[in-house]
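Peer 1: Data file data.tsv (TSV, C-alpha atoms) is appended below.
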chain	number	residue	atom	x	y	z
A	1	MET	CA	-7.39	9.55	-6.62
A	2	GLY	CA	-6.86	10.98	-3.15
A	3	GLN	CA	-4.04	13.24	-2.09
A	4	ALA	CA	-2.31	10.38	-0.29
A	5	ALA	CA	-2.25	8.29	-3.45
A	6	ALA	CA	-1.08	11.26	-5.49
A	7	ASP	CA	1.70	11.87	-3.04
A	8	ARG	CA	2.77	8.26	-3.21
A	9	ILE	CA	2.82	8.23	-7.00
A	10	SER	CA	5.06	11.28	-7.05
A	11	VAL	CA	7.67	9.37	-5.13
A	12	ALA	CA	10.48	7.62	-6.98
A	13	LEU	CA	13.32	6.51	-4.81
A	14	GLY	CA	15.96	5.22	-7.07
A	15	THR	CA	16.80	3.36	-10.19
A	16	GLU	CA	18.23	-0.10	-10.34
A	17	TRP	CA	20.20	-1.60	-13.16
A	18	LEU	CA	19.95	-5.37	-13.51
A	19	VAL	CA	22.75	-6.36	-15.83
A	20	ASP	CA	23.24	-9.91	-17.13
A	21	ALA	CA	26.62	-10.54	-18.78
A	22	HIS	CA	26.95	-13.70	-20.85
A	23	GLY	CA	29.96	-15.27	-22.51
A	24	CYS	CA	32.46	-13.93	-19.98
A	25	GLN	CA	35.96	-15.32	-19.46
A	26	PRO	CA	35.69	-17.90	-16.65
A	27	ASP	CA	39.03	-17.01	-15.07
A	28	LEU	CA	37.97	-13.40	-14.71
A	29	LEU	CA	34.73	-14.48	-13.02
A	30	ARG	CA	36.75	-16.23	-10.30
A	31	SER	CA	39.04	-13.24	-9.74
A	32	VAL	CA	38.40	-10.82	-6.89
A	33	ASP	CA	40.99	-8.56	-8.55
A	34	ALA	CA	39.03	-8.50	-11.81
A	35	ILE	CA	35.62	-7.95	-10.24
A	36	GLY	CA	37.11	-5.45	-7.80
A	37	ALA	CA	38.61	-3.52	-10.71
A	38	LEU	CA	35.22	-3.58	-12.42
A	39	PHE	CA	33.61	-2.16	-9.28
A	40	GLY	CA	36.27	0.55	-9.25
A	41	ARG	CA	35.55	1.51	-12.85
A	42	ILE	CA	31.81	1.73	-12.21
A	43	VAL	CA	32.30	3.75	-9.01
A	44	GLU	CA	34.59	6.21	-10.76
A	45	ALA	CA	32.53	6.55	-13.92
A	46	LEU	CA	29.26	7.17	-12.07
A	47	ASP	CA	30.75	9.24	-9.23
A	48	LEU	CA	29.52	6.79	-6.57
A	49	HIS	CA	30.58	6.88	-2.93
A	50	PRO	CA	31.53	3.55	-1.30
A	51	LEU	CA	30.83	3.03	2.39
A	52	GLY	CA	33.92	0.94	3.10
A	53	GLU	CA	35.46	-1.90	1.13
A	54	PRO	CA	33.56	-4.53	-0.88
A	55	VAL	CA	32.54	-7.75	0.90
A	56	TRP	CA	33.62	-10.85	-1.01
A	57	TYR	CA	32.76	-14.50	-0.87
A	58	SER	CA	34.50	-17.00	-3.14
A	59	PHE	CA	32.67	-20.30	-3.55
A	60	PRO	CA	34.87	-23.39	-3.30
A	61	ASP	CA	36.04	-25.51	-6.22
A	62	GLY	CA	36.10	-22.65	-8.70
A	63	GLY	CA	32.40	-22.01	-8.18
A	64	GLY	CA	32.41	-18.29	-8.71
A	65	LEU	CA	32.19	-15.38	-6.33
A	66	THR	CA	29.90	-12.85	-4.79
A	67	GLY	CA	30.92	-9.26	-4.21
A	68	ILE	CA	28.86	-6.52	-2.64
A	69	LEU	CA	29.79	-2.89	-2.15
A	70	LEU	CA	27.65	-0.63	0.01
A	71	LEU	CA	27.32	2.84	-1.44
A	72	ARG	CA	26.03	6.10	-0.15
A	73	GLU	CA	23.79	5.80	-3.22
A	74	SER	CA	22.69	2.24	-2.19
A	75	HIS	CA	24.63	-0.80	-3.46
A	76	LEU	CA	26.57	-2.55	-6.18
A	77	ALA	CA	26.52	-6.36	-6.28
A	78	CYS	CA	27.99	-9.02	-8.54
A	79	HIS	CA	27.41	-12.76	-8.61
A	80	THR	CA	29.45	-14.86	-11.01
A	81	PHE	CA	28.91	-18.34	-12.45
A	82	PRO	CA	32.15	-19.29	-14.24
A	83	GLU	CA	30.78	-22.66	-15.31
A	84	ARG	CA	28.13	-20.79	-17.29
A	85	ARG	CA	30.39	-17.85	-18.23
A	86	PHE	CA	27.77	-15.61	-16.62
A	87	ALA	CA	27.81	-12.65	-14.25
A	88	ALA	CA	24.78	-10.92	-12.72
A	89	ILE	CA	25.34	-7.33	-11.66
A	90	ASN	CA	22.99	-5.07	-9.71
A	91	LEU	CA	23.47	-1.38	-9.22
A	92	TYR	CA	20.89	0.39	-7.12
A	93	CYS	CA	21.21	4.18	-7.02
A	94	CYS	CA	18.86	6.23	-4.90
A	95	ARG	CA	19.92	9.33	-6.82
A	96	PRO	CA	19.83	9.86	-10.58
A	97	ARG	CA	22.93	8.78	-12.47
A	98	THR	CA	23.94	8.78	-16.09
A	99	GLU	CA	23.86	5.25	-17.40
A	100	TRP	CA	27.21	3.54	-17.69
A	101	ALA	CA	28.22	1.99	-21.02
A	102	TRP	CA	27.60	-1.51	-19.64
A	103	ARG	CA	28.16	-3.41	-22.88
A	104	VAL	CA	31.50	-1.84	-23.67
A	105	GLY	CA	32.62	-1.85	-20.04
A	106	LEU	CA	31.76	-5.50	-19.42
A	107	ALA	CA	33.30	-6.60	-22.70
A	108	GLU	CA	36.52	-4.91	-21.62
A	109	ALA	CA	36.46	-6.00	-17.97
A	110	LEU	CA	35.11	-9.56	-18.26
A	111	GLY	CA	35.20	-10.43	-21.95
A	112	ALA	CA	31.40	-10.44	-22.03
A	113	GLU	CA	29.97	-11.36	-25.43
A	114	GLN	CA	26.36	-10.45	-24.71
A	115	VAL	CA	25.07	-7.98	-22.13
A	116	ILE	CA	21.41	-7.50	-21.24
A	117	VAL	CA	20.58	-4.34	-19.30
A	118	ARG	CA	17.27	-3.83	-17.55
A	119	LEU	CA	16.41	-0.64	-15.72
A	120	VAL	CA	13.84	-0.72	-12.93
A	121	THR	CA	12.49	2.35	-11.12
A	122	ARG	CA	12.06	1.81	-7.38
A	123	GLY	CA	9.70	3.54	-5.01
A	124	GLU	CA	6.86	4.38	-7.33
A	125	ALA	CA	3.59	3.30	-5.73
A	126	ALA	CA	0.94	1.64	-7.86
A	127	ASP	CA	-1.97	3.79	-9.00
A	128	GLY	CA	-5.01	3.26	-6.83
A	129	PRO	CA	-5.67	2.43	-3.22
A	130	ALA	CA	-3.14	0.56	-1.16
A	131	ASP	CA	-3.62	-3.19	-1.29
B	1	MET	CA	19.31	-20.28	-34.07
B	2	GLY	CA	22.64	-22.00	-33.58
B	3	GLN	CA	23.52	-24.44	-30.86
B	4	ALA	CA	25.45	-21.80	-28.94
B	5	ALA	CA	22.42	-19.51	-28.83
B	6	ALA	CA	20.16	-22.43	-27.87
B	7	ASP	CA	22.52	-23.30	-25.05
B	8	ARG	CA	22.48	-19.74	-23.81
B	9	ILE	CA	18.70	-19.51	-23.84
B	10	SER	CA	18.42	-22.67	-21.78
B	11	VAL	CA	20.34	-20.98	-19.01
B	12	ALA	CA	18.47	-19.32	-16.18
B	13	LEU	CA	20.62	-18.48	-13.21
B	14	GLY	CA	18.34	-17.22	-10.57
B	15	THR	CA	15.30	-15.25	-9.72
B	16	GLU	CA	15.28	-11.86	-8.12
B	17	TRP	CA	12.48	-10.32	-6.14
B	18	LEU	CA	12.35	-6.52	-6.21
B	19	VAL	CA	9.99	-5.56	-3.43
B	20	ASP	CA	8.86	-1.98	-2.78
B	21	ALA	CA	7.14	-1.45	0.58
B	22	HIS	CA	5.21	1.82	1.03
B	23	GLY	CA	3.55	3.32	4.08
B	24	CYS	CA	5.93	1.70	6.57
B	25	GLN	CA	6.40	2.87	10.15
B	26	PRO	CA	9.35	5.31	10.10
B	27	ASP	CA	10.78	4.16	13.44
B	28	LEU	CA	10.99	0.59	12.20
B	29	LEU	CA	12.82	1.76	9.08
B	30	ARG	CA	15.57	3.25	11.27
B	31	SER	CA	15.90	0.11	13.40
B	32	VAL	CA	18.64	-2.42	12.73
B	33	ASP	CA	16.79	-4.71	15.13
B	34	ALA	CA	13.59	-4.51	13.09
B	35	ILE	CA	15.24	-4.96	9.71
B	36	GLY	CA	17.50	-7.67	11.13
B	37	ALA	CA	14.44	-9.53	12.42
B	38	LEU	CA	12.84	-9.19	8.99
B	39	PHE	CA	15.97	-10.68	7.40
B	40	GLY	CA	15.76	-13.53	9.90
B	41	ARG	CA	12.14	-14.26	9.02
B	42	ILE	CA	12.90	-14.30	5.29
B	43	VAL	CA	15.96	-16.52	5.77
B	44	GLU	CA	14.02	-19.00	7.87
B	45	ALA	CA	10.91	-19.06	5.69
B	46	LEU	CA	12.83	-19.61	2.46
B	47	ASP	CA	15.53	-21.88	3.91
B	48	LEU	CA	18.32	-19.53	2.89
B	49	HIS	CA	21.92	-19.88	4.06
B	50	PRO	CA	23.69	-16.70	5.24
B	51	LEU	CA	27.43	-16.33	4.67
B	52	GLY	CA	28.13	-14.46	7.89
B	53	GLU	CA	26.28	-11.59	9.53
B	54	PRO	CA	24.49	-8.76	7.71
B	55	VAL	CA	26.46	-5.61	6.93
B	56	TRP	CA	24.67	-2.45	8.11
B	57	TYR	CA	25.03	1.23	7.44
B	58	SER	CA	22.84	3.75	9.25
B	59	PHE	CA	22.67	7.15	7.62
B	60	PRO	CA	23.00	10.09	9.98
B	61	ASP	CA	20.17	12.29	11.18
B	62	GLY	CA	17.53	9.58	11.01
B	63	GLY	CA	18.12	9.13	7.30
B	64	GLY	CA	17.40	5.43	7.10
B	65	LEU	CA	19.65	2.42	6.78
B	66	THR	CA	21.11	-0.07	4.39
B	67	GLY	CA	21.48	-3.73	5.24
B	68	ILE	CA	22.98	-6.45	3.08
B	69	LEU	CA	23.24	-10.13	3.83
B	70	LEU	CA	25.35	-12.38	1.64
B	71	LEU	CA	23.72	-15.75	1.07
B	72	ARG	CA	24.89	-19.01	-0.36
B	73	GLU	CA	21.90	-18.42	-2.70
B	74	SER	CA	23.16	-14.87	-3.56
B	75	HIS	CA	22.00	-11.87	-1.49
B	76	LEU	CA	19.30	-10.08	0.47
B	77	ALA	CA	19.40	-6.28	0.63
B	78	CYS	CA	17.23	-3.59	2.17
B	79	HIS	CA	17.38	0.19	1.81
B	80	THR	CA	15.03	2.29	3.88
B	81	PHE	CA	13.79	5.86	3.50
B	82	PRO	CA	11.95	6.74	6.74
B	83	GLU	CA	11.11	10.23	5.52
B	84	ARG	CA	9.13	8.62	2.70
B	85	ARG	CA	7.95	5.63	4.77
B	86	PHE	CA	9.52	3.45	2.09
B	87	ALA	CA	11.72	0.35	2.02
B	88	ALA	CA	13.27	-1.29	-1.04
B	89	ILE	CA	14.13	-4.96	-0.65
B	90	ASN	CA	16.03	-7.18	-3.06
B	91	LEU	CA	16.32	-10.92	-2.78
B	92	TYR	CA	18.39	-12.65	-5.39
B	93	CYS	CA	18.29	-16.46	-5.27
B	94	CYS	CA	20.40	-18.48	-7.67
B	95	ARG	CA	18.28	-21.53	-6.85
B	96	PRO	CA	14.48	-21.86	-7.10
B	97	ARG	CA	12.55	-20.83	-4.01
B	98	THR	CA	8.91	-20.69	-3.11
B	99	GLU	CA	7.79	-17.09	-3.01
B	100	TRP	CA	7.47	-15.56	0.43
B	101	ALA	CA	4.19	-13.89	1.42
B	102	TRP	CA	5.77	-10.45	1.03
B	103	ARG	CA	2.61	-8.40	1.59
B	104	VAL	CA	1.64	-10.11	4.82
B	105	GLY	CA	5.23	-10.35	6.06
B	106	LEU	CA	6.06	-6.71	5.42
B	107	ALA	CA	2.79	-5.50	6.93
B	108	GLU	CA	3.69	-7.41	10.07
B	109	ALA	CA	7.39	-6.53	10.17
B	110	LEU	CA	7.34	-2.89	9.02
B	111	GLY	CA	3.69	-1.84	9.06
B	112	ALA	CA	3.74	-1.62	5.25
B	113	GLU	CA	0.44	-0.43	3.77
B	114	GLN	CA	1.23	-1.20	0.14
B	115	VAL	CA	3.71	-3.73	-1.22
B	116	ILE	CA	4.70	-4.06	-4.86
B	117	VAL	CA	6.49	-7.28	-5.81
B	118	ARG	CA	8.32	-7.70	-9.09
B	119	LEU	CA	10.03	-10.93	-10.06
B	120	VAL	CA	12.89	-10.87	-12.54
B	121	THR	CA	14.57	-13.95	-13.99
B	122	ARG	CA	18.33	-13.60	-14.28
B	123	GLY	CA	20.69	-15.33	-16.66
B	124	GLU	CA	18.43	-15.86	-19.64
B	125	ALA	CA	20.18	-14.72	-22.79
B	126	ALA	CA	18.28	-12.81	-25.42
B	127	ASP	CA	17.19	-14.67	-28.51
B	128	GLY	CA	19.43	-13.98	-31.46
B	129	PRO	CA	23.09	-13.25	-31.99
B	130	ALA	CA	25.21	-11.67	-29.31
B	131	ASP	CA	25.24	-7.89	-29.50
Is it possible to express this structure as structure tokens?

Peer 2:
Amino acid sequence: MGQAAADRISVALGTEWLVDAHGCQPDLLRSVDAIGALFGRIVEALDLHPLGEPVWYSFPDGGGLTGILLLRESHLACHTFPERRFAAINLYCCRPRTEWAWRVGLAEALGAEQVIVRLVTRGEAADGPAD
Amino acid sequence: MGQAAADRISVALGTEWLVDAHGCQPDLLRSVDAIGALFGRIVEALDLHPLGEPVWYSFPDGGGLTGILLLRESHLACHTFPERRFAAINLYCCRPRTEWAWRVGLAEALGAEQVIVRLVTRGEAADGPAD
């Protein structure tokens, strides 16, 4: 392994939480207030730094909403599917953060019955030569 | 497995591409024009539908930029780290899409030397009772 490859492997540029929340309360998944309050709880708990206000889009006919908040640490996004009682949340942090208690927090904020949390490290190059 | 669990497992609400691009040209990683053009290529190639213009944040002192584009299909995000020649791209699509040729496209758009693509399915509940 050359120095260039070694240097690349030493790089890790953030962690991303992919959080799937099932069994949520549909009304809460259509509510900018509810998802906005959830964003606020996550921001406060993890000491994140928003770059402005969240951007929202509410789909017509009760079809759920999308919210994205730019952070100094990268971004927080939520897509909801009220008809499936499902919310998908992404939190990308380019600096280390203590993990939030996603299961408890999403049960409280959205009534989630089942929460699946996946953690992905970003910015680690594969071992070996560049493809 | 009860009917409720079976129903949950049948649900898949999107695919997310987590794309790590290494060895990019630093100047391109600081350029809203370059990243905006990349967004345009991805949107056109995958027949995505933007909900407005991208939101950009450029970090001071050449520190890279963040761009997020809300889509009818969910979102496209890019965070760049010029000092590490690295860009992290997320594309979340709530509807099936043909995969883009990420390696070729990012070599052309950003000069990427190594591209790591991970695909994550969202919205599939775990087997077994809710935790």

Peer 1: Let's have chain B fitted on chain A; use all the C-alpha atoms paired in order for the least-squares step and return it as a PDB file with C-alpha atoms, in the coordinates of the input.

Peer 2:
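Output contents, as saved in out.pdb:
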ATOM      1  CA  MET B   1      -7.344   9.553  -6.653  1.00  0.00           C
ATOM      2  CA  GLY B   2      -6.870  11.067  -3.222  1.00  0.00           C
ATOM      3  CA  GLN B   3      -4.052  13.302  -2.131  1.00  0.00           C
ATOM      4  CA  ALA B   4      -2.343  10.462  -0.290  1.00  0.00           C
ATOM      5  CA  ALA B   5      -2.258   8.330  -3.435  1.00  0.00           C
ATOM      6  CA  ALA B   6      -1.067  11.306  -5.504  1.00  0.00           C
ATOM      7  CA  ASP B   7       1.717  11.893  -3.018  1.00  0.00           C
ATOM      8  CA  ARG B   8       2.763   8.276  -3.213  1.00  0.00           C
ATOM      9  CA  ILE B   9       2.844   8.246  -6.999  1.00  0.00           C
ATOM     10  CA  SER B  10       5.080  11.296  -7.046  1.00  0.00           C
ATOM     11  CA  VAL B  11       7.690   9.356  -5.138  1.00  0.00           C
ATOM     12  CA  ALA B  12      10.486   7.640  -7.010  1.00  0.00           C
ATOM     13  CA  LEU B  13      13.334   6.524  -4.821  1.00  0.00           C
ATOM     14  CA  GLY B  14      15.975   5.239  -7.086  1.00  0.00           C
ATOM     15  CA  THR B  15      16.816   3.386 -10.201  1.00  0.00           C
ATOM     16  CA  GLU B  16      18.230  -0.082 -10.356  1.00  0.00           C
ATOM     17  CA  TRP B  17      20.214  -1.582 -13.175  1.00  0.00           C
ATOM     18  CA  LEU B  18      19.942  -5.360 -13.511  1.00  0.00           C
ATOM     19  CA  VAL B  19      22.742  -6.350 -15.836  1.00  0.00           C
ATOM     20  CA  ASP B  20      23.233  -9.897 -17.137  1.00  0.00           C
ATOM     21  CA  ALA B  21      26.614 -10.523 -18.782  1.00  0.00           C
ATOM     22  CA  HIS B  22      26.949 -13.708 -20.872  1.00  0.00           C
ATOM     23  CA  GLY B  23      29.966 -15.288 -22.518  1.00  0.00           C
ATOM     24  CA  CYS B  24      32.461 -13.936 -19.981  1.00  0.00           C
ATOM     25  CA  GLN B  25      35.955 -15.327 -19.468  1.00  0.00           C
ATOM     26  CA  PRO B  26      35.676 -17.911 -16.657  1.00  0.00           C
ATOM     27  CA  ASP B  27      39.025 -17.026 -15.068  1.00  0.00           C
ATOM     28  CA  LEU B  28      37.974 -13.408 -14.703  1.00  0.00           C
ATOM     29  CA  LEU B  29      34.737 -14.495 -13.033  1.00  0.00           C
ATOM     30  CA  ARG B  30      36.752 -16.247 -10.303  1.00  0.00           C
ATOM     31  CA  SER B  31      39.037 -13.253  -9.741  1.00  0.00           C
ATOM     32  CA  VAL B  32      38.416 -10.836  -6.889  1.00  0.00           C
ATOM     33  CA  ASP B  33      40.996  -8.590  -8.541  1.00  0.00           C
ATOM     34  CA  ALA B  34      39.054  -8.508 -11.806  1.00  0.00           C
ATOM     35  CA  ILE B  35      35.651  -7.957 -10.236  1.00  0.00           C
ATOM     36  CA  GLY B  36      37.141  -5.452  -7.792  1.00  0.00           C
ATOM     37  CA  ALA B  37      38.629  -3.510 -10.707  1.00  0.00           C
ATOM     38  CA  LEU B  38      35.240  -3.574 -12.425  1.00  0.00           C
ATOM     39  CA  PHE B  39      33.632  -2.162  -9.268  1.00  0.00           C
ATOM     40  CA  GLY B  40      36.288   0.550  -9.249  1.00  0.00           C
ATOM     41  CA  ARG B  41      35.568   1.516 -12.849  1.00  0.00           C
ATOM     42  CA  ILE B  42      31.823   1.725 -12.200  1.00  0.00           C
ATOM     43  CA  VAL B  43      32.322   3.752  -9.012  1.00  0.00           C
ATOM     44  CA  GLU B  44      34.616   6.209 -10.752  1.00  0.00           C
ATOM     45  CA  ALA B  45      32.545   6.553 -13.917  1.00  0.00           C
ATOM     46  CA  LEU B  46      29.289   7.181 -12.068  1.00  0.00           C
ATOM     47  CA  ASP B  47      30.771   9.223  -9.207  1.00  0.00           C
ATOM     48  CA  LEU B  48      29.534   6.791  -6.580  1.00  0.00           C
ATOM     49  CA  HIS B  49      30.603   6.887  -2.933  1.00  0.00           C
ATOM     50  CA  PRO B  50      31.550   3.558  -1.302  1.00  0.00           C
ATOM     51  CA  LEU B  51      30.838   3.025   2.394  1.00  0.00           C
ATOM     52  CA  GLY B  52      33.928   0.944   3.087  1.00  0.00           C
ATOM     53  CA  GLU B  53      35.469  -1.912   1.135  1.00  0.00           C
ATOM     54  CA  PRO B  54      33.558  -4.539  -0.858  1.00  0.00           C
ATOM     55  CA  VAL B  55      32.544  -7.739   0.915  1.00  0.00           C
ATOM     56  CA  TRP B  56      33.609 -10.862  -1.007  1.00  0.00           C
ATOM     57  CA  TYR B  57      32.729 -14.513  -0.866  1.00  0.00           C
ATOM     58  CA  SER B  58      34.470 -17.012  -3.134  1.00  0.00           C
ATOM     59  CA  PHE B  59      32.665 -20.302  -3.536  1.00  0.00           C
ATOM     60  CA  PRO B  60      34.850 -23.383  -3.294  1.00  0.00           C
ATOM     61  CA  ASP B  61      36.021 -25.496  -6.202  1.00  0.00           C
ATOM     62  CA  GLY B  62      36.085 -22.646  -8.696  1.00  0.00           C
ATOM     63  CA  GLY B  63      32.387 -22.021  -8.193  1.00  0.00           C
ATOM     64  CA  GLY B  64      32.412 -18.283  -8.718  1.00  0.00           C
ATOM     65  CA  LEU B  65      32.182 -15.381  -6.320  1.00  0.00           C
ATOM     66  CA  THR B  66      29.884 -12.841  -4.800  1.00  0.00           C
ATOM     67  CA  GLY B  67      30.919  -9.259  -4.208  1.00  0.00           C
ATOM     68  CA  ILE B  68      28.861  -6.504  -2.628  1.00  0.00           C
ATOM     69  CA  LEU B  69      29.801  -2.891  -2.148  1.00  0.00           C
ATOM     70  CA  LEU B  70      27.668  -0.635   0.014  1.00  0.00           C
ATOM     71  CA  LEU B  71      27.336   2.842  -1.448  1.00  0.00           C
ATOM     72  CA  ARG B  72      26.047   6.111  -0.147  1.00  0.00           C
ATOM     73  CA  GLU B  73      23.778   5.810  -3.233  1.00  0.00           C
ATOM     74  CA  SER B  74      22.686   2.253  -2.193  1.00  0.00           C
ATOM     75  CA  HIS B  75      24.627  -0.794  -3.450  1.00  0.00           C
ATOM     76  CA  LEU B  76      26.574  -2.547  -6.183  1.00  0.00           C
ATOM     77  CA  ALA B  77      26.524  -6.350  -6.284  1.00  0.00           C
ATOM     78  CA  CYS B  78      27.986  -9.005  -8.549  1.00  0.00           C
ATOM     79  CA  HIS B  79      27.417 -12.762  -8.614  1.00  0.00           C
ATOM     80  CA  THR B  80      29.446 -14.849 -11.011  1.00  0.00           C
ATOM     81  CA  PHE B  81      28.914 -18.322 -12.452  1.00  0.00           C
ATOM     82  CA  PRO B  82      32.160 -19.285 -14.239  1.00  0.00           C
ATOM     83  CA  GLU B  83      30.781 -22.652 -15.302  1.00  0.00           C
ATOM     84  CA  ARG B  84      28.118 -20.786 -17.276  1.00  0.00           C
ATOM     85  CA  ARG B  85      30.385 -17.859 -18.231  1.00  0.00           C
ATOM     86  CA  PHE B  86      27.777 -15.618 -16.626  1.00  0.00           C
ATOM     87  CA  ALA B  87      27.803 -12.638 -14.265  1.00  0.00           C
ATOM     88  CA  ALA B  88      24.788 -10.912 -12.721  1.00  0.00           C
ATOM     89  CA  ILE B  89      25.348  -7.320 -11.653  1.00  0.00           C
ATOM     90  CA  ASN B  90      23.001  -5.071  -9.709  1.00  0.00           C
ATOM     91  CA  LEU B  91      23.474  -1.372  -9.209  1.00  0.00           C
ATOM     92  CA  TYR B  92      20.895   0.390  -7.128  1.00  0.00           C
ATOM     93  CA  CYS B  93      21.225   4.188  -7.019  1.00  0.00           C
ATOM     94  CA  CYS B  94      18.870   6.226  -4.875  1.00  0.00           C
ATOM     95  CA  ARG B  95      19.923   9.332  -6.802  1.00  0.00           C
ATOM     96  CA  PRO B  96      19.816   9.873 -10.585  1.00  0.00           C
ATOM     97  CA  ARG B  97      22.907   8.774 -12.474  1.00  0.00           C
ATOM     98  CA  THR B  98      23.917   8.774 -16.088  1.00  0.00           C
ATOM     99  CA  GLU B  99      23.858   5.238 -17.397  1.00  0.00           C
ATOM    100  CA  TRP B 100      27.219   3.537 -17.697  1.00  0.00           C
ATOM    101  CA  ALA B 101      28.224   1.987 -21.031  1.00  0.00           C
ATOM    102  CA  TRP B 102      27.596  -1.503 -19.651  1.00  0.00           C
ATOM    103  CA  ARG B 103      28.147  -3.414 -22.899  1.00  0.00           C
ATOM    104  CA  VAL B 104      31.495  -1.839 -23.678  1.00  0.00           C
ATOM    105  CA  GLY B 105      32.628  -1.856 -20.045  1.00  0.00           C
ATOM    106  CA  LEU B 106      31.765  -5.493 -19.432  1.00  0.00           C
ATOM    107  CA  ALA B 107      33.313  -6.613 -22.716  1.00  0.00           C
ATOM    108  CA  GLU B 108      36.521  -4.931 -21.621  1.00  0.00           C
ATOM    109  CA  ALA B 109      36.452  -6.007 -17.973  1.00  0.00           C
ATOM    110  CA  LEU B 110      35.109  -9.570 -18.253  1.00  0.00           C
ATOM    111  CA  GLY B 111      35.211 -10.428 -21.952  1.00  0.00           C
ATOM    112  CA  ALA B 112      31.395 -10.437 -22.027  1.00  0.00           C
ATOM    113  CA  GLU B 113      29.962 -11.369 -25.429  1.00  0.00           C
ATOM    114  CA  GLN B 114      26.355 -10.439 -24.708  1.00  0.00           C
ATOM    115  CA  VAL B 115      25.054  -7.970 -22.137  1.00  0.00           C
ATOM    116  CA  ILE B 116      21.406  -7.489 -21.239  1.00  0.00           C
ATOM    117  CA  VAL B 117      20.574  -4.319 -19.307  1.00  0.00           C
ATOM    118  CA  ARG B 118      17.264  -3.813 -17.556  1.00  0.00           C
ATOM    119  CA  LEU B 119      16.415  -0.627 -15.704  1.00  0.00           C
ATOM    120  CA  VAL B 120      13.843  -0.698 -12.927  1.00  0.00           C
ATOM    121  CA  THR B 121      12.508   2.367 -11.127  1.00  0.00           C
ATOM    122  CA  ARG B 122      12.076   1.838  -7.402  1.00  0.00           C
ATOM    123  CA  GLY B 123       9.718   3.573  -5.024  1.00  0.00           C
ATOM    124  CA  GLU B 124       6.846   4.386  -7.340  1.00  0.00           C
ATOM    125  CA  ALA B 125       3.584   3.334  -5.748  1.00  0.00           C
ATOM    126  CA  ALA B 126       0.918   1.675  -7.826  1.00  0.00           C
ATOM    127  CA  ASP B 127      -2.030   3.760  -8.906  1.00  0.00           C
ATOM    128  CA  GLY B 128      -5.085   3.120  -6.796  1.00  0.00           C
ATOM    129  CA  PRO B 129      -5.773   2.230  -3.198  1.00  0.00           C
ATOM    130  CA  ALA B 130      -3.253   0.394  -1.087  1.00  0.00           C
ATOM    131  CA  ASP B 131      -3.649  -3.365  -1.267  1.00  0.00           C
TER     132      ASP B 131
END

Peer 1: Residues of chain B no more than 10 Å from chain A, counting only C-alpha atoms: send them over as number ranges by chain.

Peer 2: B: 7-8, 11-14, 16, 18-23, 51-52, 55-57, 59, 65-75, 77-81, 84-90, 92, 94, 103, 112-116, 118, 120, 122-126, 129-131

Peer 1: Could you state the separation of CA of Trp100 (chain B) and CA of Gly62 (chain B) in Å, given to one decimal place?

Peer 2: 29.1 Å

Peer 1: Taking 3 positions as the minimum chain separation for residues in the same chain, which residues sit within 12 Å of Asp61 (chain A) when counting all atoms listed in the file? Answer as a list of chain:residue names.

Peer 2: A:Arg30, A:Ser58, A:Gly64, A:Leu65, A:Phe81, A:Pro82, A:Glu83

Peer 1: Using CA of Gly105 (chain B) and CA of Pro60 (chain B) as the two end points, give the distance in Å to one decimal.

Peer 2: 27.4 Å

Peer 1: To one decimal place in Å, what is the distance between CA of Val117 (chain A) and CA of Ser31 (chain A)?

Peer 2: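 Computed distance, CA of Val117 (chain A) to CA of Ser31 (chain A), equals 22.6 Å.
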
Peer 1: Grab all the atoms of region 89-108 of chain B that the file lists, wrap them in a box along x, y and z, add 8 Å per side, and give me centre plus edge lengths in Å (one decimal) as lines of an AutoDock Vina configuration file.

Peer 2:
center_x = 11.0
center_y = -13.4
center_z = 1.2
size_x = 34.8
size_y = 32.9
size_z = 33.7

Peer 1: Could you give me, as a list in words, the residues within 10 Å of Ala45 (chain A), counting only C-alpha atoms and dropping anything in the same chain fewer than 2 positions from it?

Peer 2: Phe39, Gly40, Arg41, Ile42, Val43, Asp47, Leu48, Arg97, Thr98, Glu99, Trp100 and Ala101 of chain A

Peer 1: As a list of chain:residue names, please: the residues near Leu38 (chain B) (cut-off 9 Å, all atoms listed in the file, same-chain neighbours under 6 positions excluded).

Peer 2: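 After dropping sequence-adjacent residues, the list is B:Gly105, B:Leu106, B:Ala109, B:Leu110.
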
Peer 1: What does region 35-41 of chain B look like written to a file with N, CA and C atoms, as a PDB file, in the first residue's frame?

Peer 2:
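Full text of out-v4.pdb as output:
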ATOM      1  N   ILE B  35     -20.805  22.243  -8.756  1.00  0.00           N
ATOM      2  CA  ILE B  35     -21.690  21.304  -8.049  1.00  0.00           C
ATOM      3  C   ILE B  35     -23.128  21.459  -8.568  1.00  0.00           C
ATOM      4  N   GLY B  36     -23.503  22.695  -8.900  1.00  0.00           N
ATOM      5  CA  GLY B  36     -24.826  22.905  -9.483  1.00  0.00           C
ATOM      6  C   GLY B  36     -24.972  22.179 -10.820  1.00  0.00           C
ATOM      7  N   ALA B  37     -23.917  22.210 -11.631  1.00  0.00           N
ATOM      8  CA  ALA B  37     -23.957  21.496 -12.912  1.00  0.00           C
ATOM      9  C   ALA B  37     -24.041  19.987 -12.688  1.00  0.00           C
ATOM     10  N   LEU B  38     -23.330  19.511 -11.670  1.00  0.00           N
ATOM     11  CA  LEU B  38     -23.424  18.085 -11.326  1.00  0.00           C
ATOM     12  C   LEU B  38     -24.855  17.729 -10.932  1.00  0.00           C
ATOM     13  N   PHE B  39     -25.471  18.558 -10.094  1.00  0.00           N
ATOM     14  CA  PHE B  39     -26.862  18.310  -9.713  1.00  0.00           C
ATOM     15  C   PHE B  39     -27.738  18.244 -10.973  1.00  0.00           C
ATOM     16  N   GLY B  40     -27.497  19.179 -11.890  1.00  0.00           N
ATOM     17  CA  GLY B  40     -28.295  19.205 -13.113  1.00  0.00           C
ATOM     18  C   GLY B  40     -28.153  17.930 -13.928  1.00  0.00           C
ATOM     19  N   ARG B  41     -26.926  17.423 -14.004  1.00  0.00           N
ATOM     20  CA  ARG B  41     -26.701  16.184 -14.761  1.00  0.00           C
ATOM     21  C   ARG B  41     -27.431  15.010 -14.117  1.00  0.00           C
TER      22      ARG B  41
END
